[in-house]
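Worksheet: the structure to be examined is printed underneath.
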Number of protein chains: 2
Amino acid sequence: MNDDAHGAAIRVERPAKTLRELALDKVREAIVNGYFRPGDRLVERDLCAQLGVSRTIVREVLRHLESEGLVANLPNKGPIVAQLNHDEAKQIYEIRAALEGMAARLCAEQNNPAIADALDRSLEDIKRSYREKDMAGVLAHTSSFYQTLFSMVDRHVAWGVVNLLTVRINHLRSMTIKTQNRDVQGPAQMARIVDAIRRGDGDGAYQAAMDHVTSASAIAQTVLSGRQPID
Amino acid sequence: MNDDAHGAAIRVERPAKTLRELALDKVREAIVNGYFRPGDRLVERDLCAQLGVSRTIVREVLRHLESEGLVANLPNKGPIVAQLNHDEAKQIYEIRAALEGMAARLCAEQNNPAIADALDRSLEDIKRSYREKDMAGVLAHTSSFYQTLFSMVDRHVAWGVVNLLTVRINHLRSMTIKTQNRDVQGPAQMARIVDAIRRGDGDGAYQAAMDHVTSASAIAQTVLSGRQPID
DNA sequence: TACCATAATATGGCCTACCAAAATCATCCA
DNA sequence: TGGATGATTTTGGTAGGCCATATTATGGTA
């Protein structure tokens with residue numbers, strides 16, 4: 001009798017995404033992977049034309065990105081792509097260290113072998129991407145490693161925070177992973193996290209996760225100040 | 001010669017706030033202090049009338065609050081005031097514990113007496129507000145205690161995160177501080193943080209800050225499950 | 001009376017067009 | 001040459017309209 005229960009199984013998955021959400025993703029993408037550079041002005045009407053949507057949508061999208069910290073608004077001059085300074089980047093890495101350390105500890109305390117196994121799979125993906133010089137893959141699989149870390153202990157709020165902060169340092173991330181030796185050191189540090197989790201060693205997992213982010217932060221600082229010509 | 005440097009001193013402080021920002025603050029306020037209740041629908045056209053602004057503004061405001069987590073958007077039904085469940089509240093307290101613990105540790109490691117002094121002043125304000133049964137004051141001064149904790153070590157990004165999360169549990173906060181004995185226990189726990197900072201005891205400050213938030217979280221959980229008839 | 005089809009109504013999503021104020025750029029004149 | 005003046009660009013904000021969907025009356029029929 002229940003139409004819902006009956007139809008749910010075969011119901012086609014509607015796109016359901018509104019135009020605004022589509023536009024939001026597009027612009028965020030464009031900023032994150034550098035199509036728009038830090039400091040670039042984001043002129044509303046230009047964006048309208050480029051996205052093929054109305055000003056209403058563009059304004060809402062810009063507001064949203066502003067609250068995400070990807071866009072900054074100069075009064076009476078309009079929105080620009082936010083510029084990340086040295087110090088803010090450091091703070092973001094520091095927060096990630098605290099939260100990822102926390103998640104790692106919680107994972108270790110679960111004593112559930114499935115967690116370490118899932119993390120190991122992500123880790124394998126990362127190593128493979130490094131071997132194949134697929135840097136986009138490295139980033140994606142690293143994200144999914146951390147997502148696993150948080151979602152295995154049902155910490156989606158903290159994952160949301162980490163994710164929000166991470167997009168703001170995305171260009172730094174893509175530079176750090178290209179650094180000399182990072183293809184060996186990075187995975188090794190992550191393996192230490194997984195080992196500690198597998199041993200049920202909360203403190204060890206916490207420390208290992210902190211160390212990993214901290215070393216990424218150090219590299220990022222070098223990149224930011226040195227500005228080595230990687231392009 | 002420099003007109004800017006010259007004029008800056010006497011330049012009238014223009015409100016500079018755009019209508020949108022004003023509206024944003026109003027609606028956020030209205031949600032935070034319960035004028036709009038969790039689950040209430042936020043009908044765009046009604047808000048236009050109540051705020052006296054156009055739909056464009058209202059929509060931008062709703063988007064912004066959505067990304068802050070204060071408003072949820074039901075597909076094909078529109079925005080409502082976000083409802084905070086048990087588990088999410090717990091996660092928020094947990095994140096605050098991690099970040100406030102971090103800030104407390106950093107403060108302790110600065111070995112700067114001015115920090116402990118400033119915190120002590122906030123603490124006095126809190127106690128006074130408790131004595132005067134000024135609960136709004138307790139909340140405000142507690143916030144400023146933590147703001148000091150973060151700003152003294154220049155961690156405005158982390159402070160932003162904590163702030164963002166805190167508004168979502170504001171009603172819980174106002175309930176926990178009214179709990180029996182909280183007027184004694186709360187300040188005592190905060191005093192332990194300040195003491196540790198004054199001693200330069202990083203680990204102690206970290207632990208004390210964690211303890212304080214953790215106990216607030218425990219009270220909040222009780223309130224949430226017990227649902228004592230406060231109205 | 002019970003029930004179903006249909007029509008209103010309410011509302012979100014999206015669009016166009018317009019205006020005012022500020023910033024920026026170009027121009028022209030003393 | 002230096003500044004006043006005017007044109008252009010762009011944001012901030014408004015008004016109103018169109019369409020699709022969801023809810024709610026409404027009314028007619030078995």
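Naming scheme: A, B, ... for chains in displayed order of the structure tokens; residues 1 onward per chain; ligands 1 onward as shown.
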Quick one: which residues from chain D are at most 10 Å off chain A, using only C-alpha atoms (C1' of nucleotides), as a list in words? DT10, DT11 and DG12 of chain D
Please dump the current selection as a tab-separated table (two decimals), in the first residue's frame; keep C-alpha atoms (C1' of nucleotides).
```
chain	number	residue	atom	x	y	z
D	10	DT	C1'	31.05	48.23	-10.82
D	11	DT	C1'	28.99	47.30	-6.49
D	12	DG	C1'	24.96	47.60	-3.37
```
Report as a tab-separated table (two decimals) with N, CA and C atoms (P, O5', C5', C4', C3', O3' and C1' of nucleotides), in the first residue's frame all protein, DNA and RNA residues lying within 12 Å of DC18 of chain D, evaluated on only C-alpha atoms (C1' of nucleotides), omitting residues in the same chain fewer than 6 positions from it.
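File produced: result.tsv:
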```
chain	number	residue	atom	x	y	z
C	13	DG	P	15.38	27.10	-2.90
C	13	DG	O5'	15.29	27.46	-4.44
C	13	DG	C5'	15.13	26.42	-5.37
C	13	DG	C4'	15.14	26.99	-6.76
C	13	DG	C3'	16.42	27.78	-7.09
C	13	DG	O3'	16.91	27.27	-8.31
C	13	DG	C1'	14.50	29.04	-7.64
C	14	DC	P	18.36	27.71	-8.81
C	14	DC	O5'	18.00	28.91	-9.78
C	14	DC	C5'	17.23	28.66	-10.95
C	14	DC	C4'	16.76	29.95	-11.55
C	14	DC	C3'	17.83	31.01	-11.75
C	14	DC	O3'	18.29	30.95	-13.10
C	14	DC	C1'	15.70	31.92	-11.13
C	15	DC	P	19.31	32.03	-13.64
C	15	DC	O5'	18.35	33.19	-14.14
C	15	DC	C5'	17.38	32.90	-15.13
C	15	DC	C4'	16.57	34.14	-15.45
C	15	DC	C3'	17.45	35.35	-15.73
C	15	DC	O3'	17.42	35.67	-17.11
C	15	DC	C1'	15.64	35.88	-14.23
C	16	DT	P	18.45	36.74	-17.67
C	16	DT	O5'	17.61	38.08	-17.78
C	16	DT	C5'	16.27	38.06	-18.26
C	16	DT	C4'	15.61	39.39	-17.97
C	16	DT	C3'	16.48	40.60	-18.31
C	16	DT	O3'	15.80	41.41	-19.25
C	16	DT	C1'	15.59	40.78	-16.10
```
What residues in segment 13-206 of chain B get the DSSP label strand (DSSP E or B)? Please answer as a PyMOL selection string. chain B and resi 41+71-74+78-81
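Chains of identical sequence, chain A and chain B give a C-alpha root-mean-square deviation of 0.4 Å after superposition over all matched alpha carbons.
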Check which residues of chain A sit at most 12 Å from chain C using only C-alpha atoms (C1' of nucleotides), and return one row each with the closest pair of atoms and their distance in Å to one decimal, ordered by chain and rising number, as JSON lines.
```
{"residue": "A:Lys17", "atom": "CA", "partner": "C:DG13", "partner_atom": "C1'", "distance": 11.4}
{"residue": "A:Thr18", "atom": "CA", "partner": "C:DG13", "partner_atom": "C1'", "distance": 8.0}
{"residue": "A:Leu19", "atom": "CA", "partner": "C:DG13", "partner_atom": "C1'", "distance": 8.5}
{"residue": "A:Arg20", "atom": "CA", "partner": "C:DG13", "partner_atom": "C1'", "distance": 8.9}
{"residue": "A:Glu21", "atom": "CA", "partner": "C:DG13", "partner_atom": "C1'", "distance": 11.5}
{"residue": "A:Cys48", "atom": "CA", "partner": "C:DC15", "partner_atom": "C1'", "distance": 11.8}
{"residue": "A:Gly52", "atom": "CA", "partner": "C:DC15", "partner_atom": "C1'", "distance": 11.6}
{"residue": "A:Val53", "atom": "CA", "partner": "C:DC15", "partner_atom": "C1'", "distance": 8.8}
{"residue": "A:Ser54", "atom": "CA", "partner": "C:DC15", "partner_atom": "C1'", "distance": 6.5}
{"residue": "A:Arg55", "atom": "CA", "partner": "C:DC15", "partner_atom": "C1'", "distance": 8.7}
{"residue": "A:Thr56", "atom": "CA", "partner": "C:DC14", "partner_atom": "C1'", "distance": 7.8}
{"residue": "A:Ile57", "atom": "CA", "partner": "C:DC14", "partner_atom": "C1'", "distance": 8.0}
{"residue": "A:Val58", "atom": "CA", "partner": "C:DC14", "partner_atom": "C1'", "distance": 11.5}
{"residue": "A:Leu74", "atom": "CA", "partner": "C:DA23", "partner_atom": "C1'", "distance": 11.9}
{"residue": "A:Pro75", "atom": "CA", "partner": "C:DA22", "partner_atom": "C1'", "distance": 10.0}
{"residue": "A:Asn76", "atom": "CA", "partner": "C:DA22", "partner_atom": "C1'", "distance": 6.5}
{"residue": "A:Lys77", "atom": "CA", "partner": "C:DA23", "partner_atom": "C1'", "distance": 7.4}
{"residue": "A:Gly78", "atom": "CA", "partner": "C:DA23", "partner_atom": "C1'", "distance": 10.7}
```
